[in-house]
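K.L.:
Quick one, coords_39.cif (mmCIF, C-alpha atoms):
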data_model
loop_
_atom_site.label_atom_id
_atom_site.label_comp_id
_atom_site.auth_asym_id
_atom_site.auth_seq_id
_atom_site.Cartn_x
_atom_site.Cartn_y
_atom_site.Cartn_z
CA MET L 1 -73.26 -29.96 187.90
CA THR L 2 -70.25 -27.69 187.45
CA PRO L 3 -70.30 -24.15 188.87
CA ARG L 4 -70.62 -22.81 185.33
CA GLU L 5 -73.64 -25.02 184.66
CA GLN L 6 -75.14 -24.01 187.99
CA GLU L 7 -74.71 -20.36 187.09
CA PHE L 8 -76.35 -20.99 183.71
CA LEU L 9 -79.26 -22.78 185.36
CA GLU L 10 -79.83 -19.90 187.77
CA TYR L 11 -79.64 -17.47 184.86
CA VAL L 12 -82.36 -19.19 182.84
CA GLN L 13 -84.48 -19.80 185.94
CA SER L 14 -84.49 -16.08 186.66
CA GLY L 15 -85.89 -15.42 183.18
CA GLY L 16 -82.60 -15.07 181.26
CA GLN L 17 -82.45 -15.99 177.58
CA VAL L 18 -79.52 -17.26 175.53
CA GLU L 19 -78.53 -17.16 171.87
CA THR L 20 -77.04 -19.71 169.45
CA ASP L 21 -73.44 -18.60 169.93
CA ASP L 22 -73.58 -18.50 173.74
CA TRP L 23 -72.02 -21.25 175.82
CA LEU L 24 -74.69 -23.88 176.58
CA PRO L 25 -74.41 -26.83 178.99
CA GLU L 26 -74.40 -30.11 177.07
CA ASP L 27 -77.47 -31.39 178.89
CA TYR L 28 -79.36 -28.20 178.04
CA ARG L 29 -78.40 -28.47 174.38
CA ALA L 30 -79.44 -32.13 174.25
CA LYS L 31 -82.81 -31.40 175.90
CA LEU L 32 -83.41 -28.48 173.53
CA ILE L 33 -82.67 -30.59 170.46
CA LYS L 34 -84.95 -33.39 171.65
CA PHE L 35 -87.81 -31.04 172.47
CA ILE L 36 -87.58 -28.79 169.42
CA GLU L 37 -87.00 -31.69 167.04
CA MET L 38 -90.18 -33.37 168.31
CA HIS L 39 -92.02 -30.12 167.72
CA GLY L 40 -90.68 -29.93 164.15
CA ASN L 41 -91.62 -33.56 163.54
CA SER L 42 -95.12 -32.89 164.86
CA GLU L 43 -95.67 -29.95 162.52
CA LEU L 44 -94.50 -32.03 159.58
CA MET L 45 -96.48 -35.17 160.49
CA GLY L 46 -99.44 -33.07 161.66
CA VAL L 47 -100.31 -32.08 158.12
CA LEU L 48 -100.88 -35.67 157.01
CA PRO L 49 -104.22 -36.29 158.74
CA GLU L 50 -105.55 -33.06 157.20
CA ARG L 51 -103.90 -33.57 153.82
CA GLU L 52 -106.07 -36.66 153.41
CA TRP L 53 -109.09 -34.33 153.30
CA ILE L 54 -107.91 -31.70 150.83
CA LEU L 55 -109.38 -33.63 147.91
CA ARG L 56 -112.54 -34.41 149.86
CA ALA L 57 -113.21 -30.97 151.34
CA PRO L 58 -116.92 -30.07 151.09
CA THR L 59 -116.44 -26.66 149.39
CA LEU L 60 -113.79 -24.82 147.42
CA GLN L 61 -113.38 -22.34 150.29
CA ARG L 62 -112.67 -25.20 152.71
CA LYS L 63 -110.27 -26.80 150.27
CA LEU L 64 -108.31 -23.54 149.95
CA ALA L 65 -108.29 -22.96 153.71
CA LEU L 66 -107.11 -26.49 154.40
CA THR L 67 -104.37 -26.20 151.79
CA ALA L 68 -103.23 -22.89 153.33
CA LYS L 69 -103.17 -24.50 156.75
CA VAL L 70 -101.07 -27.39 155.49
CA GLN L 71 -98.67 -24.88 153.94
CA ASP L 72 -98.46 -23.03 157.28
CA GLU L 73 -97.65 -26.18 159.23
CA VAL L 74 -94.97 -27.32 156.80
CA GLY L 75 -93.52 -23.79 157.01
CA HIS L 76 -93.45 -24.13 160.81
CA SER L 77 -91.55 -27.38 160.56
CA GLN L 78 -88.98 -25.70 158.29
CA LEU L 79 -88.44 -22.87 160.78
CA ILE L 80 -88.23 -25.29 163.67
CA TYR L 81 -85.76 -27.66 161.97
CA ARG L 82 -83.65 -24.55 161.19
CA VAL L 83 -83.41 -23.90 164.94
CA VAL L 84 -82.49 -27.54 165.58
CA GLU L 85 -79.84 -27.31 162.87
CA ASP L 86 -78.18 -24.33 164.58
CA LEU L 87 -78.06 -26.39 167.77
CA GLY L 88 -76.01 -29.01 165.93
CA LYS L 89 -78.37 -31.55 164.38
CA PRO L 90 -78.75 -31.25 160.58
CA ARG L 91 -82.23 -31.32 159.09
CA GLU L 92 -81.41 -34.34 156.93
CA GLN L 93 -80.56 -36.27 160.07
CA CYS L 94 -83.82 -35.15 161.72
CA LEU L 95 -85.73 -36.48 158.71
CA ASP L 96 -83.72 -39.74 158.69
CA ASP L 97 -84.47 -40.27 162.38
CA LEU L 98 -88.14 -39.43 161.96
CA ILE L 99 -88.61 -41.90 159.12
CA ALA L 100 -86.59 -44.58 160.93
CA GLY L 101 -88.87 -44.15 163.95
CA LYS L 102 -85.96 -43.02 166.16
CA SER L 103 -87.55 -39.70 167.10
CA LYS L 104 -91.07 -38.89 168.21
CA PHE L 105 -94.02 -36.75 167.21
CA HIS L 106 -97.19 -35.79 169.06
CA ASN L 107 -99.71 -38.51 169.88
CA VAL L 108 -102.62 -36.85 168.08
CA PHE L 109 -100.96 -37.22 164.67
CA HIS L 110 -100.87 -41.02 164.89
CA TYR L 111 -104.66 -41.37 164.53
CA PRO L 112 -106.92 -41.63 161.48
CA THR L 113 -109.30 -38.91 160.30
CA LYS L 114 -112.47 -40.85 159.59
CA THR L 115 -114.87 -38.06 158.60
CA TRP L 116 -115.00 -34.32 157.94
CA GLY L 117 -116.06 -34.04 161.59
CA ASP L 118 -112.56 -35.20 162.56
CA VAL L 119 -111.07 -32.43 160.44
CA GLY L 120 -113.14 -29.87 162.36
CA VAL L 121 -112.25 -31.33 165.75
CA ILE L 122 -108.54 -31.44 164.85
CA ALA L 123 -108.49 -27.89 163.53
CA TRP L 124 -110.38 -26.58 166.54
CA LEU L 125 -109.45 -28.64 169.58
CA VAL L 126 -106.14 -30.25 168.66
CA ASP L 127 -104.90 -26.85 167.53
CA ALA L 128 -106.29 -25.28 170.70
CA ALA L 129 -104.39 -27.79 172.84
CA ALA L 130 -101.27 -27.21 170.75
CA ILE L 131 -101.47 -23.44 171.00
CA ILE L 132 -101.57 -23.69 174.79
CA SER L 133 -98.27 -25.59 174.72
CA GLN L 134 -96.85 -23.25 172.12
CA LYS L 135 -97.74 -20.08 174.00
CA ALA L 136 -95.74 -21.49 176.90
CA LEU L 137 -92.71 -21.42 174.57
CA LEU L 138 -92.87 -17.69 173.83
CA LYS L 139 -90.72 -17.13 176.92
CA CYS L 140 -88.37 -20.04 176.17
CA SER L 141 -84.88 -19.59 177.59
CA TYR L 142 -83.50 -20.32 174.11
CA ALA L 143 -84.26 -17.03 172.37
CA PRO L 144 -84.11 -18.11 168.68
CA TYR L 145 -86.86 -20.65 169.39
CA ALA L 146 -88.94 -18.09 171.30
CA ARG L 147 -88.69 -15.67 168.38
CA ILE L 148 -90.03 -18.07 165.76
CA MET L 149 -92.83 -19.07 168.15
CA LYS L 150 -94.24 -15.56 167.77
CA LYS L 151 -94.90 -16.19 164.10
CA ILE L 152 -96.11 -19.72 164.70
CA CYS L 153 -98.62 -18.76 167.41
CA TRP L 154 -99.90 -15.96 165.23
CA GLU L 155 -100.67 -18.37 162.39
CA GLU L 156 -102.16 -20.96 164.74
CA SER L 157 -104.73 -18.42 165.83
CA PHE L 158 -106.18 -18.46 162.29
CA HIS L 159 -106.27 -22.23 162.38
CA ILE L 160 -108.38 -22.32 165.51
CA LEU L 161 -110.87 -19.91 163.95
CA HIS L 162 -110.99 -22.03 160.81
CA GLY L 163 -111.68 -25.12 162.94
CA ARG L 164 -114.33 -23.37 164.97
CA ASP L 165 -116.01 -22.20 161.78
CA VAL L 166 -116.05 -25.76 160.41
CA ILE L 167 -117.61 -27.01 163.66
CA LEU L 168 -120.17 -24.19 163.88
CA THR L 169 -121.24 -24.73 160.29
CA MET L 170 -121.81 -28.43 160.96
CA MET L 171 -123.62 -27.78 164.25
CA LEU L 172 -125.98 -25.44 162.38
CA GLY L 173 -126.56 -28.10 159.70
CA THR L 174 -128.44 -31.38 159.77
CA ASP L 175 -128.69 -33.99 162.52
CA GLU L 176 -126.29 -36.16 160.53
CA GLN L 177 -123.74 -33.37 160.54
CA ARG L 178 -124.15 -32.85 164.29
CA ASP L 179 -123.69 -36.60 164.78
CA LEU L 180 -120.45 -36.49 162.78
CA VAL L 181 -119.09 -33.81 165.13
CA GLN L 182 -120.15 -35.70 168.27
CA GLU L 183 -118.64 -38.95 167.00
CA ALA L 184 -115.40 -37.18 166.14
CA LEU L 185 -115.29 -35.56 169.58
CA ASP L 186 -115.82 -39.00 171.16
CA ARG L 187 -112.88 -40.36 169.15
CA TRP L 188 -110.55 -37.45 169.90
CA TRP L 189 -111.28 -36.80 173.57
CA GLY L 190 -108.93 -39.52 174.85
CA PRO L 191 -105.95 -38.40 172.75
CA LEU L 192 -106.72 -34.74 173.61
CA MET L 193 -106.60 -35.47 177.33
CA GLN L 194 -103.28 -37.29 176.87
CA PHE L 195 -101.85 -34.53 174.69
CA HIS L 196 -100.20 -32.41 177.40
CA GLY L 197 -98.51 -35.41 178.97
CA ASN L 198 -98.56 -37.01 182.40
CA PRO L 199 -99.11 -34.73 185.41
CA ILE L 200 -95.44 -34.70 186.45
CA ALA L 201 -94.68 -31.83 188.87
CA ARG L 202 -93.12 -29.04 186.86
CA GLU L 203 -90.07 -28.86 189.15
CA GLU L 204 -89.33 -32.46 188.13
CA ASP L 205 -89.81 -31.84 184.43
CA PRO L 206 -86.39 -31.15 182.88
CA MET L 207 -88.01 -29.07 180.13
CA TYR L 208 -89.38 -26.76 182.82
CA VAL L 209 -86.25 -26.87 184.97
CA TRP L 210 -84.22 -25.51 182.02
CA ARG L 211 -87.09 -23.10 181.25
CA ILE L 212 -87.47 -24.50 177.75
CA LYS L 213 -91.19 -24.35 178.48
CA SER L 214 -92.76 -22.10 181.06
CA GLN L 215 -95.59 -24.24 182.42
CA GLY L 216 -96.17 -27.75 183.69
CA ASN L 217 -98.19 -30.43 181.89
CA GLU L 218 -101.15 -30.35 184.26
CA GLU L 219 -101.31 -26.55 184.16
CA ALA L 220 -101.59 -26.77 180.37
CA ARG L 221 -104.34 -29.41 180.54
CA GLN L 222 -106.30 -27.36 183.11
CA GLN L 223 -105.99 -24.31 180.87
CA PHE L 224 -107.30 -26.36 177.94
CA LEU L 225 -110.29 -27.67 179.91
CA ASP L 226 -111.08 -24.25 181.31
CA GLY L 227 -110.94 -22.59 177.92
CA TYR L 228 -112.66 -25.18 175.77
CA VAL L 229 -115.06 -27.38 177.74
CA PRO L 230 -117.52 -24.48 178.15
CA GLN L 231 -117.26 -23.82 174.40
CA ILE L 232 -117.94 -27.49 173.65
CA TRP L 233 -120.93 -27.57 175.97
CA GLU L 234 -122.47 -24.38 174.65
CA LEU L 235 -122.78 -25.99 171.21
CA GLY L 236 -124.83 -28.84 172.67
CA LEU L 237 -122.02 -31.38 172.40
CA THR L 238 -121.27 -33.93 175.11
CA VAL L 239 -117.79 -34.53 176.44
CA PRO L 240 -117.39 -38.33 176.74
CA ASP L 241 -116.18 -38.31 180.34
CA PRO L 242 -118.79 -38.79 183.08
CA LYS L 243 -116.32 -37.65 185.74
CA LEU L 244 -115.57 -34.32 184.09
CA ARG L 245 -116.53 -31.38 186.31
CA LYS L 246 -115.18 -28.09 187.54
CA ARG L 247 -114.74 -27.98 191.30
CA ASP L 248 -115.62 -24.94 193.38
CA ASP L 249 -111.93 -24.08 193.62
CA GLY L 250 -111.75 -23.86 189.82
CA VAL L 251 -109.83 -27.11 189.25
CA TRP L 252 -111.18 -29.54 186.66
CA GLU L 253 -111.63 -33.17 187.64
CA TYR L 254 -111.57 -35.84 184.97
CA THR L 255 -111.09 -39.54 184.38
CA GLU L 256 -107.42 -40.44 184.45
CA PRO L 257 -106.19 -40.38 180.84
CA ASP L 258 -104.84 -43.63 179.42
CA TRP L 259 -101.10 -43.10 179.86
CA ALA L 260 -100.30 -46.57 178.57
CA GLU L 261 -102.02 -45.72 175.30
CA LEU L 262 -100.06 -42.46 175.09
CA LYS L 263 -96.77 -44.27 175.53
CA HIS L 264 -97.71 -47.00 173.10
CA VAL L 265 -98.76 -44.49 170.44
CA VAL L 266 -95.83 -42.07 170.66
CA THR L 267 -93.31 -44.88 170.57
CA GLY L 268 -94.48 -45.64 167.06
CA HIS L 269 -97.46 -47.96 167.56
CA GLY L 270 -100.37 -45.70 166.71
CA PRO L 271 -103.04 -46.86 164.25
CA LYS L 272 -101.61 -44.69 161.45
CA THR L 273 -97.93 -44.40 162.47
CA ALA L 274 -96.44 -46.84 159.98
CA GLU L 275 -98.55 -45.71 157.04
CA ARG L 276 -97.77 -42.01 157.55
CA LEU L 277 -94.06 -42.55 158.06
CA GLU L 278 -94.03 -44.63 154.90
CA LEU L 279 -95.68 -41.74 153.03
CA ARG L 280 -92.97 -39.39 154.35
CA ARG L 281 -90.27 -41.79 153.22
CA ALA L 282 -91.74 -42.27 149.76
CA THR L 283 -92.32 -38.54 149.10
CA ARG L 284 -88.84 -37.69 150.33
CA GLU L 285 -87.42 -40.18 147.86
CA GLU L 286 -89.65 -38.94 145.04
CA THR L 287 -88.62 -35.32 145.57
CA ALA L 288 -84.90 -35.99 146.03
CA TRP L 289 -84.22 -34.98 142.41
CA VAL L 290 -85.63 -31.49 143.10
CA ARG L 291 -83.14 -30.92 145.90
CA ARG L 292 -80.30 -32.25 143.76
CA ALA L 293 -81.29 -30.03 140.83
CA VAL L 294 -81.58 -26.89 142.99
CA LEU L 295 -78.26 -27.49 144.72
CA ALA L 296 -76.51 -28.23 141.39
CA GLU L 297 -78.02 -25.08 139.89
CA ALA L 298 -76.87 -22.97 142.83
CA ALA L 299 -73.36 -24.45 142.93
CA MET R 1 -76.29 -21.28 153.06
CA ILE R 2 -78.00 -19.67 156.04
CA TYR R 3 -79.69 -16.29 155.66
CA GLU R 4 -80.92 -14.29 158.65
CA VAL R 5 -84.28 -12.60 158.19
CA PHE R 6 -85.15 -9.30 159.84
CA ARG R 7 -88.65 -7.98 159.63
CA GLN R 8 -90.25 -4.58 159.91
CA GLU R 9 -93.85 -4.69 161.04
CA ARG R 10 -94.84 -1.16 160.01
CA LYS R 11 -93.11 1.56 158.06
CA GLY R 12 -90.89 3.63 160.31
CA GLN R 13 -90.38 0.88 162.89
CA ALA R 14 -87.08 -0.80 163.65
CA PHE R 15 -86.26 -4.09 161.93
CA ALA R 16 -86.16 -6.99 164.37
CA HIS R 17 -84.67 -10.45 163.91
CA ALA R 18 -87.41 -12.91 162.96
CA GLY R 19 -85.60 -16.15 162.15
CA SER R 20 -83.44 -17.72 159.50
CA VAL R 21 -83.86 -19.68 156.28
CA GLU R 22 -81.55 -22.10 154.57
CA ALA R 23 -81.24 -21.60 150.82
CA PRO R 24 -78.82 -22.46 148.04
CA ASN R 25 -78.68 -18.85 146.80
CA GLU R 26 -80.13 -15.37 147.23
CA ALA R 27 -83.07 -15.92 144.92
CA PHE R 28 -84.26 -18.92 146.94
CA ALA R 29 -83.51 -17.13 150.21
CA GLU R 30 -85.73 -14.26 149.12
CA ALA R 31 -88.53 -16.60 148.05
CA TYR R 32 -88.39 -18.53 151.35
CA ALA R 33 -88.28 -15.33 153.40
CA ARG R 34 -91.36 -14.02 151.57
CA GLU R 35 -93.24 -17.26 152.20
CA GLN R 36 -92.24 -17.46 155.87
CA TYR R 37 -92.58 -13.83 156.90
CA GLY R 38 -94.56 -11.87 154.33
CA ARG R 39 -97.38 -13.77 152.77
CA ARG R 40 -100.18 -12.44 154.96
CA GLY R 41 -99.22 -8.79 154.88
CA GLU R 42 -97.66 -9.07 158.35
CA SER R 43 -94.46 -7.26 157.35
CA ALA R 44 -93.83 -3.87 155.72
CA ALA R 45 -90.34 -4.96 154.65
CA LEU R 46 -87.79 -7.73 155.17
CA TRP R 47 -84.00 -7.71 155.25
CA VAL R 48 -82.47 -10.98 154.08
CA VAL R 49 -78.82 -11.14 155.05
CA PRO R 50 -76.22 -13.92 154.63
CA ARG R 51 -75.34 -15.05 158.14
CA GLU R 52 -71.61 -14.36 157.63
CA ALA R 53 -72.44 -10.73 156.88
CA VAL R 54 -73.77 -10.23 160.39
CA HIS R 55 -70.96 -9.19 162.74
CA GLU R 56 -71.86 -9.47 166.38
CA ILE R 57 -70.27 -7.34 169.06
CA ASP R 58 -71.26 -8.19 172.59
CA ASP R 59 -68.33 -7.16 174.77
CA PHE R 60 -68.49 -3.60 175.95
CA ALA R 61 -65.59 -2.78 178.26
CA ASP R 62 -65.98 -0.01 180.83
CA GLU R 63 -62.70 -0.20 182.75
CA LEU R 64 -62.83 3.42 183.80
CA GLN R 65 -66.42 3.22 185.07
CA LYS R 66 -67.35 6.14 182.88
CA ASN R 67 -70.68 6.83 184.50
CA TYR R 68 -70.49 10.54 183.68
CA HIS R 69 -71.92 9.78 180.22
CA ARG R 70 -74.81 7.67 181.48
CA VAL R 71 -77.99 8.43 183.34
CA ASP R 72 -76.85 6.34 186.31
CA GLY R 73 -73.92 8.74 186.80
CA TYR R 74 -76.31 11.38 188.07
CA PRO R 75 -78.11 10.29 191.23
CA LEU R 76 -79.74 13.62 191.97
CA LYS R 77 -82.26 12.52 194.56
CA GLU R 78 -80.11 13.16 197.61
CA LYS R 79 -78.84 16.52 196.39
CA LEU R 80 -82.32 17.62 195.40
CA GLY R 81 -83.61 16.70 198.86
CA LYS R 82 -80.90 18.80 200.49
CA ALA R 83 -81.59 21.72 198.15
CA ARG R 84 -85.29 21.61 199.00
CA GLU R 85 -84.48 21.38 202.71
CA ARG R 86 -82.24 24.42 202.43
CA VAL R 87 -84.95 26.49 200.78
CA SER R 88 -87.67 25.46 203.20
CA ALA R 89 -85.36 26.11 206.21
CA LYS R 90 -84.69 29.57 204.80
CA ASN R 91 -88.41 30.24 204.30
CA ALA R 92 -89.13 29.07 207.85
CA ASP R 93 -86.47 31.45 209.15
CA ALA R 94 -87.99 34.31 207.17
CA PHE R 95 -91.43 33.42 208.52
CA SER R 96 -90.33 33.32 212.16
CA ALA R 97 -88.38 36.56 211.65
CA GLY R 98 -91.53 38.17 210.23
CA ALA R 99 -93.72 36.81 213.06
CA GLY R 100 -91.20 38.08 215.64
#
Translate this structure into structure tokens?
P.N.:
Amino acid sequence: MTPREQEFLEYVQSGGQVETDDWLPEDYRAKLIKFIEMHGNSELMGVLPEREWILRAPTLQRKLALTAKVQDEVGHSQLIYRVVEDLGKPREQCLDDLIAGKSKFHNVFHYPTKTWGDVGVIAWLVDAAAIISQKALLKCSYAPYARIMKKICWEESFHILHGRDVILTMMLGTDEQRDLVQEALDRWWGPLMQFHGNPIAREEDPMYVWRIKSQGNEEARQQFLDGYVPQIWELGLTVPDPKLRKRDDGVWEYTEPDWAELKHVVTGHGPKTAERLELRRATREETAWVRRAVLAEAA
Amino acid sequence: MIYEVFRQERKGQAFAHAGSVEAPNEAFAEAYAREQYGRRGESAALWVVPREAVHEIDDFADELQKNYHRVDGYPLKEKLGKARERVSAKNADAFSAGAG
């Protein structure tokens, strides 16, 4: 590391923030692009599991809420790709890489949504897990990213309420509805526990070292368990992990998540990966004429 | 083209940078800015500005160390302490003179 890079590192580690036009070490820029691009991909791919339920939503109110949520998430991906673009990677290239399977997106968006119960669990617990990671980006050393996270976190807070409302409504319904929620929770618990990543010490996590994020993976998972397991239990649901318990010192113990599954899924081998990427490719092709028309009109 | 978006949360407050949008022209930029930063009533107003129109200045030379026009040019604590000491010493003198 050169003295200039060292100075930069110390600056961000002491809470300093930088802007687009500032000098950035190459490694920092590369890590930022990788991290932020994956976030953008996740917002864009994250709407697909829910999109599948817009036409099957149980009421008009739910259909409208789900549509609004999908619009929010696509909006987030646009803002996020904009930040990546200013760091030097054009949006078109991000989309090319996503469709070609060269870049990643979050594990939870590679799975199917079998029932309306899954929609509730995604909107409540997947969004809850995501908001914990996203809140840790509000202090990101790269200020343009931190600024858009304010808007994103604000919108995510509606999404969690929407998800909780879906779950509460079902839990107050029939036994069949309660079963749908429990079955969905059973399906999603594994991916949820993998979501924050392996428990690498934060000092060894380059994303923390550069202060791109402000907490370690295990801290995020503990925060998730602490915030949401009591909420799950109070509804009479069972968390499918016999080892799950909170120790006297406040730390949650749990069965080791399946890290091999996480790796397998995020490298493009999830049950729905190929199908969803194909949908992205096809819609991008179908809408290409709109982009051409708009650009020709503006020129 | 890139447009920077500044947002005002409530009337009377300062506009703060919120993010940017990419758009082929002003009409699209305005529409995107509305969708991204105004559709839930979270902003009182937006400024949508072509990026090239924003001129940044971030070097502020102070070769002469002109601290006389800043708050840090007036460290009064020490002087104030001395002034208080002077007055209390004088009062003590007056007291002992009176007692004598």
K.L.:
Please determine the contact residues of chain R with respect to chain L at a cut-off of 12 Å, counting all atoms listed in the file, and supply them as JSON, numbers by chain.
P.N.:
{"R": [1, 2, 3, 4, 5, 6, 7, 9, 16, 17, 18, 19, 20, 21, 22, 23, 24, 25, 26, 27, 28, 29, 32, 33, 34, 35, 36, 37, 38, 39, 40, 42, 43, 51, 56, 57, 58]}
K.L.:
On this structure, the PyMOL selection byres ((chain L and resi 183) around 12) would catch which residues? List them as a list in words, sorted by chain and number.
P.N.:
Thr113, Lys114, Thr115, Trp116, Gly117, Asp118, Val119, Gly120, Val121, Glu176, Gln177, Arg178, Asp179, Leu180, Val181, Gln182, Ala184, Leu185, Asp186, Arg187, Trp188, Trp189, Leu237, Thr238, Val239 and Pro240 of chain L
K.L.:
Expanded to explicit residues, what is the PyMOL selection byres ((chain L and resi 25-29) around 8) for this file, as a list in words?
P.N.:
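Answer for the PyMOL selection byres ((chain L and resi 25-29) around 8): Glu5, Phe8, Trp23, Leu24, Ala30, Lys31, Leu32, Ile33, Leu87 and Trp210 of chain L.
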K.L.:
To one decimal place in Å, what is the distance between atom CA of Leu98 of chain L and atom CA of Phe195 of chain L?
P.N.:
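Between atom CA of Leu98 of chain L and atom CA of Phe195 of chain L the gap is 19.3 Å.
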K.L.:
What is the atom CA of Trp252 of chain L-atom CA of Gln222 of chain L distance in Å, reported with one decimal?
P.N.:
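Value for the atom CA of Trp252 of chain L-atom CA of Gln222 of chain L distance: 6.4 Å.
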K.L.:
The PyMOL selection byres ((chain L and resi 68) around 12) - which residues does that actually catch in the file I just gave you? List them as a list in words.
P.N.:
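With the shown file as input, the PyMOL selection byres ((chain L and resi 68) around 12) matches Val47, Glu50, Arg51, Ile54, Gln61, Arg62, Lys63, Leu64, Ala65, Leu66, Thr67, Lys69, Val70, Gln71, Asp72, Glu73, Val74, Gly75, Glu155, Glu156, Phe158, His159 and His162 of chain L; Glu35, Arg39 and Arg40 of chain R.
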K.L.:
With all atoms listed in the file counted, which protein, DNA or RNA residues have an atom no more than 7 Å from (-103.0, -42.2, 162.7) in the file frame? Please answer as a list in words.
P.N.:
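Protein and nucleic acid residues near the point are Phe109, His110, Tyr111, Pro112, Gly270, Pro271, Lys272 and Thr273 of chain L.
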K.L.:
With distances taken over only C-alpha atoms, which residue among R:Leu46, R:Phe60, R:Arg84, R:Ala89 lies nearest Arg10 of chain R?
P.N.:
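Comparing R:Leu46, R:Phe60, R:Arg84, R:Ala89 against Arg10 of chain R, the winner is R:Leu46.
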K.L.:
Expressed in Å to a single decimal, how great is the separation between atom CA of Ser133 of chain L and atom CA of Tyr228 of chain L?
P.N.:
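About the pair atom CA of Ser133 of chain L and atom CA of Tyr228 of chain L: they are 14.4 Å apart.
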K.L.:
Fewer than 3 positions away in the same chain doesn't count, so skip those; otherwise give me all residues within 9 Å of Met45 of chain L, counting all atoms listed in the file, as a VMD selection string.
P.N.:
chain L and resid 40 to 42 48 to 49 74 105 to 106 109 to 110 276 to 277 280
K.L.:
Out of L:Gln13, L:Gln194, L:Val290, L:Glu278, which residue has the shortest atom-to-atom distance to Pro206 of chain L when counting only C-alpha atoms?
P.N.:
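Looking at the shortest contact to Pro206 of chain L, the residue is L:Gln13.
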K.L.:
Add whatever atoms are absent from segment 202-217 of chain L to reach N, CA and C atoms, and provide the output as a JSON list (two decimals), in the frame of the given file.
P.N.:
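So part27.json came out as:
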[["chain", "number", "residue", "atom", "x", "y", "z"],
["L", 202, "ARG", "N", -93.96, -29.77, 187.82],
["L", 202, "ARG", "CA", -93.12, -29.04, 186.86],
["L", 202, "ARG", "C", -91.66, -28.95, 187.32],
["L", 203, "GLU", "N", -91.44, -28.92, 188.64],
["L", 203, "GLU", "CA", -90.07, -28.86, 189.15],
["L", 203, "GLU", "C", -89.29, -30.13, 188.82],
["L", 204, "GLU", "N", -90.01, -31.21, 188.48],
["L", 204, "GLU", "CA", -89.33, -32.46, 188.13],
["L", 204, "GLU", "C", -89.25, -32.66, 186.63],
["L", 205, "ASP", "N", -89.81, -31.74, 185.89],
["L", 205, "ASP", "CA", -89.81, -31.84, 184.43],
["L", 205, "ASP", "C", -88.60, -31.08, 183.89],
["L", 206, "PRO", "N", -87.62, -31.82, 183.32],
["L", 206, "PRO", "CA", -86.39, -31.15, 182.88],
["L", 206, "PRO", "C", -86.64, -30.01, 181.90],
["L", 207, "MET", "N", -87.72, -30.12, 181.10],
["L", 207, "MET", "CA", -88.01, -29.07, 180.13],
["L", 207, "MET", "C", -88.43, -27.77, 180.84],
["L", 208, "TYR", "N", -89.04, -27.95, 182.03],
["L", 208, "TYR", "CA", -89.38, -26.76, 182.82],
["L", 208, "TYR", "C", -88.16, -26.27, 183.61],
["L", 209, "VAL", "N", -87.42, -27.23, 184.17],
["L", 209, "VAL", "CA", -86.25, -26.87, 184.97],
["L", 209, "VAL", "C", -85.31, -25.96, 184.16],
["L", 210, "TRP", "N", -85.09, -26.32, 182.89],
["L", 210, "TRP", "CA", -84.22, -25.51, 182.02],
["L", 210, "TRP", "C", -84.98, -24.33, 181.41],
["L", 211, "ARG", "N", -86.23, -24.18, 181.77],
["L", 211, "ARG", "CA", -87.09, -23.10, 181.25],
["L", 211, "ARG", "C", -87.21, -23.14, 179.72],
["L", 212, "ILE", "N", -87.19, -24.36, 179.18],
["L", 212, "ILE", "CA", -87.47, -24.50, 177.75],
["L", 212, "ILE", "C", -88.95, -24.20, 177.57],
["L", 213, "LYS", "N", -89.79, -24.75, 178.46],
["L", 213, "LYS", "CA", -91.19, -24.35, 178.48],
["L", 213, "LYS", "C", -91.49, -23.68, 179.82],
["L", 214, "SER", "N", -92.56, -22.90, 179.85],
["L", 214, "SER", "CA", -92.76, -22.10, 181.06],
["L", 214, "SER", "C", -93.97, -22.55, 181.87],
["L", 215, "GLN", "N", -94.52, -23.74, 181.57],
["L", 215, "GLN", "CA", -95.59, -24.24, 182.42],
["L", 215, "GLN", "C", -95.54, -25.76, 182.49],
["L", 216, "GLY", "N", -96.15, -26.30, 183.52],
["L", 216, "GLY", "CA", -96.17, -27.75, 183.69],
["L", 216, "GLY", "C", -97.28, -28.38, 182.86],
["L", 217, "ASN", "N", -97.21, -29.71, 182.72],
["L", 217, "ASN", "CA", -98.19, -30.43, 181.89],
["L", 217, "ASN", "C", -99.62, -30.25, 182.40]]
